>>> print(open('upload-v8.cif').read())   # mmCIF, C-alpha atoms
data_entry
loop_
_atom_site.label_atom_id
_atom_site.label_comp_id
_atom_site.auth_asym_id
_atom_site.auth_seq_id
_atom_site.Cartn_x
_atom_site.Cartn_y
_atom_site.Cartn_z
CA MET A 1131 -3.29 118.76 -136.58
CA GLU A 1132 -5.81 121.25 -137.93
CA SER A 1133 -7.47 118.69 -140.19
CA LEU A 1134 -7.87 116.02 -137.53
CA THR A 1135 -11.26 115.06 -136.10
CA PRO A 1136 -12.11 113.12 -132.93
CA GLU A 1137 -12.79 110.08 -135.09
CA MET A 1138 -9.42 110.41 -136.79
CA ILE A 1139 -7.73 110.76 -133.40
CA ALA A 1140 -9.43 107.54 -132.27
CA ASP A 1141 -8.27 105.78 -135.44
CA ARG A 1142 -4.68 106.96 -135.05
CA LEU A 1143 -4.60 105.89 -131.43
CA ALA A 1144 -6.07 102.52 -132.38
CA ALA A 1145 -3.27 102.06 -134.92
CA THR A 1146 -0.82 102.22 -132.01
CA GLY A 1147 -2.85 99.67 -130.04
CA TYR A 1148 -4.61 102.19 -127.77
CA LEU A 1149 -8.41 101.91 -127.97
CA ALA A 1150 -10.00 105.18 -126.86
CA ASP A 1151 -13.74 105.54 -126.34
CA PRO A 1152 -15.49 108.48 -128.07
CA GLU A 1153 -15.34 110.71 -124.96
CA LEU A 1154 -11.59 110.24 -124.49
CA ALA A 1155 -10.92 110.69 -128.21
CA THR A 1156 -12.94 113.93 -128.14
CA VAL A 1157 -11.14 115.44 -125.15
CA THR A 1158 -7.80 114.48 -126.72
CA PHE A 1159 -8.84 116.19 -129.96
CA LEU A 1160 -9.90 119.30 -128.03
CA GLY A 1161 -6.59 119.37 -126.14
CA LEU A 1162 -4.74 119.36 -129.47
CA ARG A 1163 -6.97 121.93 -131.13
CA MET A 1164 -7.21 124.31 -128.15
CA GLN A 1165 -3.56 123.78 -127.08
CA ARG A 1166 -4.69 122.97 -123.56
CA PRO A 1167 -3.12 120.40 -121.21
CA LEU A 1168 -5.05 117.20 -120.54
CA LEU A 1169 -5.55 116.21 -116.91
CA LEU A 1170 -6.34 112.51 -116.69
CA GLU A 1171 -7.46 110.99 -113.41
CA GLY A 1172 -8.44 107.43 -112.61
CA GLU A 1173 -7.42 104.28 -110.84
CA PRO A 1174 -3.89 102.95 -111.50
CA GLY A 1175 -3.72 100.82 -114.61
CA THR A 1176 -6.56 102.44 -116.54
CA GLY A 1177 -4.34 103.72 -119.38
CA LYS A 1178 -3.58 107.32 -118.41
CA THR A 1179 0.16 107.14 -119.06
CA ALA A 1180 -0.39 104.93 -122.08
CA LEU A 1181 -2.51 107.63 -123.71
CA ALA A 1182 0.40 110.10 -123.72
CA GLU A 1183 2.66 107.41 -125.18
CA ALA A 1184 0.06 106.60 -127.84
CA VAL A 1185 -0.44 110.27 -128.78
CA ALA A 1186 3.31 110.70 -129.23
CA GLU A 1187 3.49 107.60 -131.41
CA ALA A 1188 0.36 108.48 -133.40
CA LEU A 1189 1.61 111.99 -134.18
CA ASP A 1190 5.26 110.94 -134.57
CA LEU A 1191 6.44 113.34 -131.86
CA PRO A 1192 9.12 112.89 -129.19
CA LEU A 1193 7.77 111.92 -125.77
CA VAL A 1194 9.33 113.63 -122.75
CA ARG A 1195 8.33 112.14 -119.39
CA LEU A 1196 8.48 113.86 -116.02
CA GLN A 1197 7.86 111.35 -113.22
CA CYS A 1198 6.62 113.21 -110.14
CA TYR A 1199 7.42 112.11 -106.60
CA GLU A 1200 7.23 113.50 -103.10
CA GLY A 1201 9.75 116.30 -102.69
CA ILE A 1202 10.35 117.03 -106.39
CA ASP A 1203 11.18 120.67 -107.02
CA ALA A 1204 11.37 122.98 -110.01
CA SER A 1205 15.10 122.49 -110.59
CA GLN A 1206 14.65 118.73 -110.95
CA ALA A 1207 11.97 119.31 -113.57
CA LEU A 1208 13.54 122.25 -115.35
CA TYR A 1209 17.34 122.36 -115.61
CA ASP A 1210 20.68 121.98 -113.89
CA TRP A 1211 24.26 122.86 -114.65
CA ASP A 1212 26.90 120.22 -115.37
CA PHE A 1213 29.13 121.06 -112.42
CA ALA A 1214 31.80 118.48 -113.26
CA ARG A 1215 32.23 119.82 -116.81
CA GLN A 1216 32.28 123.39 -115.54
CA ILE A 1217 35.20 122.52 -113.23
CA LEU A 1218 37.05 120.86 -116.12
CA HIS A 1219 36.43 123.94 -118.23
CA LEU A 1220 37.98 126.19 -115.57
CA ARG A 1221 40.99 123.89 -115.25
CA ALA A 1222 41.41 123.92 -119.03
CA LEU A 1223 41.42 127.73 -118.99
CA GLU A 1224 44.07 127.70 -116.28
CA ALA A 1225 46.18 125.07 -118.06
CA THR A 1226 46.23 127.01 -121.32
CA GLY A 1227 47.09 130.22 -119.52
CA GLY A 1228 43.83 131.84 -120.51
CA THR A 1229 43.88 135.59 -120.08
CA ALA A 1230 40.13 136.08 -120.04
CA GLU A 1231 38.78 138.50 -117.49
CA VAL A 1232 37.07 137.01 -114.43
CA GLU A 1233 33.68 138.19 -115.67
CA GLU A 1234 34.19 136.54 -119.05
CA ALA A 1235 35.39 133.30 -117.42
CA GLU A 1236 32.33 133.22 -115.20
CA LYS A 1237 30.06 133.90 -118.17
CA SER A 1238 31.62 131.02 -120.10
CA LEU A 1239 30.62 128.64 -117.31
CA TYR A 1240 26.98 129.13 -118.23
CA ASP A 1241 27.31 128.31 -121.88
CA GLU A 1242 24.66 126.07 -123.44
CA ARG A 1243 27.07 123.15 -123.57
CA PHE A 1244 26.99 122.96 -119.75
CA LEU A 1245 23.20 123.21 -119.50
CA LEU A 1246 21.45 119.98 -118.47
CA ALA A 1247 17.86 120.13 -119.70
CA ARG A 1248 15.44 118.34 -117.39
CA PRO A 1249 12.06 117.15 -118.78
CA VAL A 1250 10.13 120.45 -118.79
CA LEU A 1251 12.93 122.42 -120.46
CA ALA A 1252 13.62 119.54 -122.86
CA ALA A 1253 9.97 119.50 -123.95
CA LEU A 1254 9.98 123.26 -124.59
CA ARG A 1255 13.19 123.06 -126.63
CA GLN A 1256 12.08 120.01 -128.62
CA SER A 1257 8.67 121.43 -129.51
CA PRO A 1258 6.51 120.15 -131.00
CA SER A 1259 6.64 117.32 -128.48
CA VAL A 1260 4.50 115.48 -125.94
CA LEU A 1261 5.22 116.29 -122.29
CA LEU A 1262 3.93 113.64 -119.88
CA VAL A 1263 3.74 114.83 -116.26
CA ASP A 1264 3.09 111.50 -114.58
CA GLU A 1265 1.44 111.18 -111.15
CA VAL A 1266 1.35 114.91 -110.50
CA ASP A 1267 -0.65 114.22 -107.32
CA ARG A 1268 2.57 112.95 -105.70
CA ALA A 1269 4.16 116.43 -105.88
CA ASP A 1270 3.46 119.27 -103.46
CA ASP A 1271 1.66 122.61 -103.75
CA GLU A 1272 4.81 124.56 -104.61
CA PHE A 1273 5.54 122.28 -107.56
CA GLU A 1274 1.95 122.64 -108.76
CA ALA A 1275 2.40 126.42 -108.77
CA PHE A 1276 5.57 126.04 -110.84
CA LEU A 1277 3.75 123.83 -113.36
CA LEU A 1278 0.88 126.28 -113.58
CA GLU A 1279 3.26 129.10 -114.46
CA VAL A 1280 5.01 127.06 -117.15
CA LEU A 1281 1.74 125.80 -118.64
CA SER A 1282 0.37 129.34 -118.81
CA THR A 1283 3.19 130.71 -120.96
CA TYR A 1284 5.17 127.70 -122.24
CA ARG A 1285 8.36 129.58 -121.45
CA VAL A 1286 10.91 129.56 -118.65
CA THR A 1287 13.63 132.00 -117.66
CA ILE A 1288 17.04 130.74 -116.60
CA PRO A 1289 18.82 133.59 -114.79
CA GLU A 1290 22.31 132.73 -116.08
CA PHE A 1291 21.16 131.82 -119.59
CA GLY A 1292 18.02 133.66 -120.66
CA THR A 1293 14.45 132.84 -121.62
CA VAL A 1294 13.52 129.63 -123.42
CA ALA A 1295 10.12 129.62 -125.13
CA ALA A 1296 8.47 126.84 -127.09
CA VAL A 1297 8.04 127.70 -130.77
CA VAL A 1298 5.04 125.36 -130.74
CA PRO A 1299 3.48 124.60 -127.33
CA PRO A 1300 4.05 120.96 -126.38
CA ILE A 1301 1.11 118.62 -126.02
CA VAL A 1302 0.89 118.23 -122.24
CA VAL A 1303 -0.69 115.25 -120.48
CA LEU A 1304 -0.88 115.27 -116.69
CA THR A 1305 -1.92 112.10 -114.88
CA SER A 1306 -3.17 111.68 -111.33
CA ASN A 1307 -4.15 108.65 -109.27
CA ARG A 1308 -6.02 111.07 -106.99
CA THR A 1309 -4.02 110.33 -103.87
CA ARG A 1310 -4.76 113.98 -103.08
CA GLU A 1311 -6.87 116.72 -104.62
CA LEU A 1312 -5.12 119.03 -107.08
CA HIS A 1313 -5.64 122.78 -106.79
CA ASP A 1314 -8.44 124.40 -108.76
CA ALA A 1315 -6.02 126.80 -110.46
CA LEU A 1316 -4.19 123.91 -112.12
CA LYS A 1317 -7.43 122.15 -113.01
CA ARG A 1318 -8.82 125.30 -114.63
CA ARG A 1319 -5.82 125.41 -116.94
CA CYS A 1320 -6.53 121.86 -118.17
CA LEU A 1321 -9.17 119.84 -119.96
CA TYR A 1322 -10.25 117.13 -117.52
CA HIS A 1323 -11.18 113.50 -118.09
CA TRP A 1324 -11.74 110.62 -115.70
CA ILE A 1325 -10.64 107.26 -117.13
CA ASP A 1326 -12.51 104.23 -115.83
CA HIS A 1327 -11.52 100.62 -116.21
CA PRO A 1328 -12.87 99.41 -119.57
CA GLY A 1329 -15.93 97.20 -119.82
CA LEU A 1330 -15.72 93.52 -120.72
CA GLU A 1331 -15.90 93.76 -124.50
CA ARG A 1332 -13.58 96.78 -124.75
CA GLU A 1333 -10.97 95.13 -122.54
CA ILE A 1334 -11.13 92.01 -124.71
CA GLU A 1335 -10.55 94.27 -127.73
CA ILE A 1336 -7.56 95.84 -125.94
CA VAL A 1337 -6.01 92.43 -125.25
CA ARG A 1338 -6.55 91.34 -128.84
CA SER A 1339 -5.01 94.60 -130.09
CA ARG A 1340 -2.03 94.76 -127.73
CA ALA A 1341 -1.40 91.02 -127.46
CA PRO A 1342 -2.59 89.50 -130.76
CA GLU A 1343 -0.59 86.34 -130.08
CA VAL A 1344 -2.99 85.38 -127.27
CA ALA A 1345 -5.75 82.95 -128.32
CA ASP A 1346 -9.21 84.53 -128.53
CA GLU A 1347 -10.76 82.17 -126.00
CA LEU A 1348 -7.92 82.69 -123.57
CA ALA A 1349 -8.22 86.47 -123.93
CA ARG A 1350 -11.94 86.32 -123.15
CA GLN A 1351 -11.41 84.06 -120.13
CA VAL A 1352 -8.63 86.24 -118.71
CA VAL A 1353 -10.67 89.43 -119.05
CA THR A 1354 -13.77 87.79 -117.59
CA VAL A 1355 -11.85 86.77 -114.46
CA VAL A 1356 -10.22 90.19 -114.13
CA GLN A 1357 -13.55 91.96 -114.50
CA GLN A 1358 -14.98 89.86 -111.67
CA LEU A 1359 -11.99 90.71 -109.48
CA ARG A 1360 -12.64 94.41 -110.10
CA SER A 1361 -16.34 94.15 -109.27
CA ALA A 1362 -17.61 95.75 -106.07
CA GLU A 1363 -17.22 92.52 -104.12
CA GLY A 1364 -13.88 91.60 -105.65
CA ALA A 1365 -12.38 95.08 -105.39
CA SER A 1366 -13.21 95.34 -101.70
CA ALA A 1367 -11.38 92.09 -101.07
CA LEU A 1368 -8.19 93.05 -102.92
CA LEU A 1369 -5.61 95.58 -101.73
CA LYS A 1370 -5.04 96.63 -105.35
CA PRO A 1371 -7.41 95.41 -108.06
CA PRO A 1372 -5.56 94.70 -111.33
CA GLY A 1373 -5.43 97.27 -114.10
CA VAL A 1374 -5.35 96.78 -117.86
CA ALA A 1375 -1.56 96.46 -117.80
CA GLU A 1376 -1.88 93.50 -115.44
CA THR A 1377 -4.57 91.96 -117.63
CA LEU A 1378 -2.16 92.08 -120.57
CA ASP A 1379 0.69 90.66 -118.49
CA TRP A 1380 -1.45 87.76 -117.29
CA ALA A 1381 -2.71 86.95 -120.78
CA ARG A 1382 0.84 87.00 -122.16
CA ALA A 1383 2.16 84.88 -119.27
CA LEU A 1384 -0.47 82.22 -119.93
CA HIS A 1385 0.30 82.35 -123.63
CA HIS A 1386 4.00 81.76 -122.94
CA LEU A 1387 3.03 78.63 -121.01
CA GLY A 1388 1.39 77.37 -124.19
CA SER A 1389 -2.18 77.89 -122.97
CA THR A 1390 -4.98 78.51 -125.43
CA GLU A 1391 -7.62 78.22 -122.71
CA MET A 1392 -7.36 78.98 -119.00
CA ASP A 1393 -7.16 76.15 -116.50
CA LEU A 1394 -6.83 76.23 -112.74
CA GLU A 1395 -3.22 75.05 -112.62
CA SER A 1396 -1.80 77.53 -115.14
CA ALA A 1397 -3.90 80.38 -113.75
CA ALA A 1398 -2.59 79.78 -110.23
CA ALA A 1399 1.00 79.43 -111.45
CA THR A 1400 0.95 82.80 -113.24
CA ILE A 1401 -0.98 84.82 -110.65
CA GLY A 1402 2.11 86.94 -109.95
CA ALA A 1403 1.59 88.63 -113.33
CA LEU A 1404 -1.85 89.79 -112.20
CA VAL A 1405 -1.58 90.86 -108.55
CA LYS A 1406 1.40 92.24 -106.66
CA HIS A 1407 0.55 91.69 -102.99
CA ARG A 1408 0.87 88.40 -101.15
CA GLU A 1409 -2.57 88.82 -99.58
CA ASP A 1410 -4.14 89.47 -102.99
CA ALA A 1411 -2.40 86.44 -104.51
CA ASP A 1412 -3.73 84.23 -101.73
CA ARG A 1413 -7.27 85.57 -102.13
CA VAL A 1414 -7.23 85.14 -105.92
CA ARG A 1415 -5.90 81.57 -105.70
CA ILE A 1416 -8.69 80.69 -103.29
CA ALA A 1417 -11.30 82.28 -105.57
CA LEU A 1418 -9.98 80.91 -108.90
CA ASP A 1419 -12.02 77.74 -108.82
CA ARG A 1420 -15.22 79.75 -108.44
CA LEU A 1421 -14.15 82.44 -110.94
CA LEU A 1422 -13.22 79.95 -113.66
CA ALA A 1423 -16.54 78.19 -113.23
#
>>> encode(input="upload-v8.cif", output="structure tokens")
Amino acid sequence: MESLTPEMIADRLAATGYLADPELATVTFLGLRMQRPLLLEGEPGTGKTALAEAVAEALDLPLVRLQCYEGIDASQALYDWDFARQILHLRALEATGGTAEVEEAEKSLYDERFLLARPVLAALRQSPSVLLVDEVDRADDEFEAFLLEVLSTYRVTIPEFGTVAAVVPPIVVLTSNRTRELHDALKRRCLYHWIDHPGLEREIEIVRSRAPEVADELARQVVTVVQQLRSAEGASALLKPPGVAETLDWARALHHLGSTEMDLESAAATIGALVKHREDADRVRIALDRLLA
């Protein structure tokens, strides 16, 4: 990674189908060079998760994903013990008339073969790797504190097992949809970048890169409509404006219907690939005639 430049990072990401602007390519480069986590915020569907996936593919590293949710705790992110196998192990000792002392039997229960590595521990043990902590804003303050400790040392201590430290710190990408503010302590540990929805021409490039089977004119028409839906007026009318992922889904859906250009009938028939709320679908269908004009 030492010889990489921001431009080379952008090129490698582009080879995977992810088109990063110069600012995003630079902060990604700095995260790699400085061994600092990346904290990516932005609206859903702007490509935050996809960046981690693209980095893993571009650098040929394993991707380990930790999906955050309300109530997640450190044990669900770090490790657990395979209770069922531990019980079988004890029964096997009894069946074979094992003469091991109680202390030795107890110690054998916490052998590595019974250790279930959750995402954070798996990323440390598989280093170098890419650890994606997705939607960290869904977790609570206590979980943030746990993450901060791990990201400060890239090591964890398991009381029954010992300390596990990454030989090479994993590349860490944290994503947030900003449903709540993250604590300053966690932000200070990271390099921060806000990802906006792409502009018209860049989103057309993304569709052409990720869905090359879609006709050029159809790709341009799809993106033009989506961009209008995301505009100030369109966004205020929709419960959830479509992201880039939905743009790609819509373009592919129209392609599978045999369309090379968008028409009102096929656009209305495939609207479920673009928006995911009944109210939004109704609003888009009503507006399609005007948008296609």
>>> atom_distance(input="upload-v8.cif", atom1="atom CA of A:Leu1330", atom2="atom CA of A:Leu1149")
13.3 Å
>>> residues_around(input="upload-v8.cif", residues="A:Ile1401", least_positions_apart="2", cutoff="8 Å", atoms="all atoms listed in the file", output="list in words")
Trp1380, Ala1397, Ala1398, Ala1399, Ala1403, Leu1404, Val1405, Ala1411, Val1414 and Arg1415 of chain A
>>> closest_residue(input="upload-v8.cif", among="A:Val1280, A:Ala1296, A:Leu1160, A:Ala1252", to="A:Asp1210", atoms="only C-alpha atoms")
A:Ala1252
>>> closest_residue(input="upload-v8.cif", among="A:Asp1190, A:Glu1153, A:Glu1200, A:Glu1311", to="A:Arg1268", atoms="only C-alpha atoms")
A:Glu1200
>>> residues_around(input="upload-v8.cif", residues="A:Gly1388", least_positions_apart="5", cutoff="12 Å", atoms="only C-alpha atoms", output="mmCIF file with C-alpha atoms, in the coordinates of the input")
data_model
loop_
_atom_site.group_PDB
_atom_site.id
_atom_site.type_symbol
_atom_site.label_atom_id
_atom_site.label_comp_id
_atom_site.auth_asym_id
_atom_site.auth_seq_id
_atom_site.Cartn_x
_atom_site.Cartn_y
_atom_site.Cartn_z
ATOM 1 C CA GLU A 1343 -0.590 86.340 -130.080
ATOM 2 C CA VAL A 1344 -2.990 85.380 -127.270
ATOM 3 C CA ALA A 1345 -5.750 82.950 -128.320
ATOM 4 C CA LEU A 1348 -7.920 82.690 -123.570
ATOM 5 C CA ALA A 1381 -2.710 86.950 -120.780
ATOM 6 C CA ARG A 1382 0.840 87.000 -122.160
ATOM 7 C CA ALA A 1383 2.160 84.880 -119.270
ATOM 8 C CA ASP A 1393 -7.160 76.150 -116.500
ATOM 9 C CA SER A 1396 -1.800 77.530 -115.140
#
>>> resolve_selection(input="upload-v8.cif", expression="the PyMOL selection byres ((chain A and resi 1187) around 12)", output="number ranges by chain")
A: 1139, 1142-1148, 1180-1186, 1188-1193, 1259-1260
>>> atom_distance(input="upload-v8.cif", atom1="atom CA of A:Pro1174", atom2="atom CA of A:Gly1402")
17.2 Å
>>> resolve_selection(input="upload-v8.cif", expression="the PyMOL selection byres ((chain A and resi 1317-1327) around 7)", output="PDB file with C-alpha atoms, keeping the file's coordinate frame")
ATOM      1  CA  GLY A1161      -6.590 119.370-126.140  1.00  0.00           C
ATOM      2  CA  ARG A1166      -4.690 122.970-123.560  1.00  0.00           C
ATOM      3  CA  PRO A1167      -3.120 120.400-121.210  1.00  0.00           C
ATOM      4  CA  LEU A1168      -5.050 117.200-120.540  1.00  0.00           C
ATOM      5  CA  LEU A1169      -5.550 116.210-116.910  1.00  0.00           C
ATOM      6  CA  LEU A1170      -6.340 112.510-116.690  1.00  0.00           C
ATOM      7  CA  GLU A1171      -7.460 110.990-113.410  1.00  0.00           C
ATOM      8  CA  GLY A1172      -8.440 107.430-112.610  1.00  0.00           C
ATOM      9  CA  THR A1176      -6.560 102.440-116.540  1.00  0.00           C
ATOM     10  CA  HIS A1313      -5.640 122.780-106.790  1.00  0.00           C
ATOM     11  CA  ASP A1314      -8.440 124.400-108.760  1.00  0.00           C
ATOM     12  CA  ALA A1315      -6.020 126.800-110.460  1.00  0.00           C
ATOM     13  CA  LEU A1316      -4.190 123.910-112.120  1.00  0.00           C
ATOM     14  CA  PRO A1328     -12.870  99.410-119.570  1.00  0.00           C
ATOM     15  CA  GLY A1329     -15.930  97.200-119.820  1.00  0.00           C
TER      16      GLY A1329
END
>>> atom_distance(input="upload-v8.cif", atom1="atom CA of A:Ala1341", atom2="atom CA of A:Ala1140")
19.0 Å
>>> closest_residue(input="upload-v8.cif", among="A:Thr1287, A:Gln1256, A:Asn1307, A:Ser1361", to="A:Tyr1209", atoms="all atoms listed in the file")
A:Thr1287
>>> closest_residue(input="upload-v8.cif", among="A:Asp1203, A:Glu1409, A:Glu1137, A:Glu1347", to="A:Pro1152", atoms="only C-alpha atoms")
A:Glu1137
>>> closest_residue(input="upload-v8.cif", among="A:Val1352, A:Leu1196, A:Ile1416, A:Val1374", to="A:Arg1340", atoms="only C-alpha atoms")
A:Val1374
>>> axis_aligned_box(input="upload-v8.cif", around="stretch 1207-1217 of chain A", padding_each_side="8 Å", output="JSON")
{"center_x": 23.6, "center_y": 120.9, "center_z": -114.6, "size_x": 39.2, "size_y": 20.9, "size_z": 20.4}
>>> residues_around(input="upload-v8.cif", residues="A:Ala1423", least_positions_apart="6", cutoff="12 Å", atoms="all atoms listed in the file", output="number ranges by chain")
A: 1351, 1354-1355, 1358, 1392-1394, 1417
>>> closest_residue(input="upload-v8.cif", among="A:Arg1420, A:His1385, A:Lys1370, A:Arg1310", to="A:Arg1408", atoms="only C-alpha atoms")
A:Lys1370
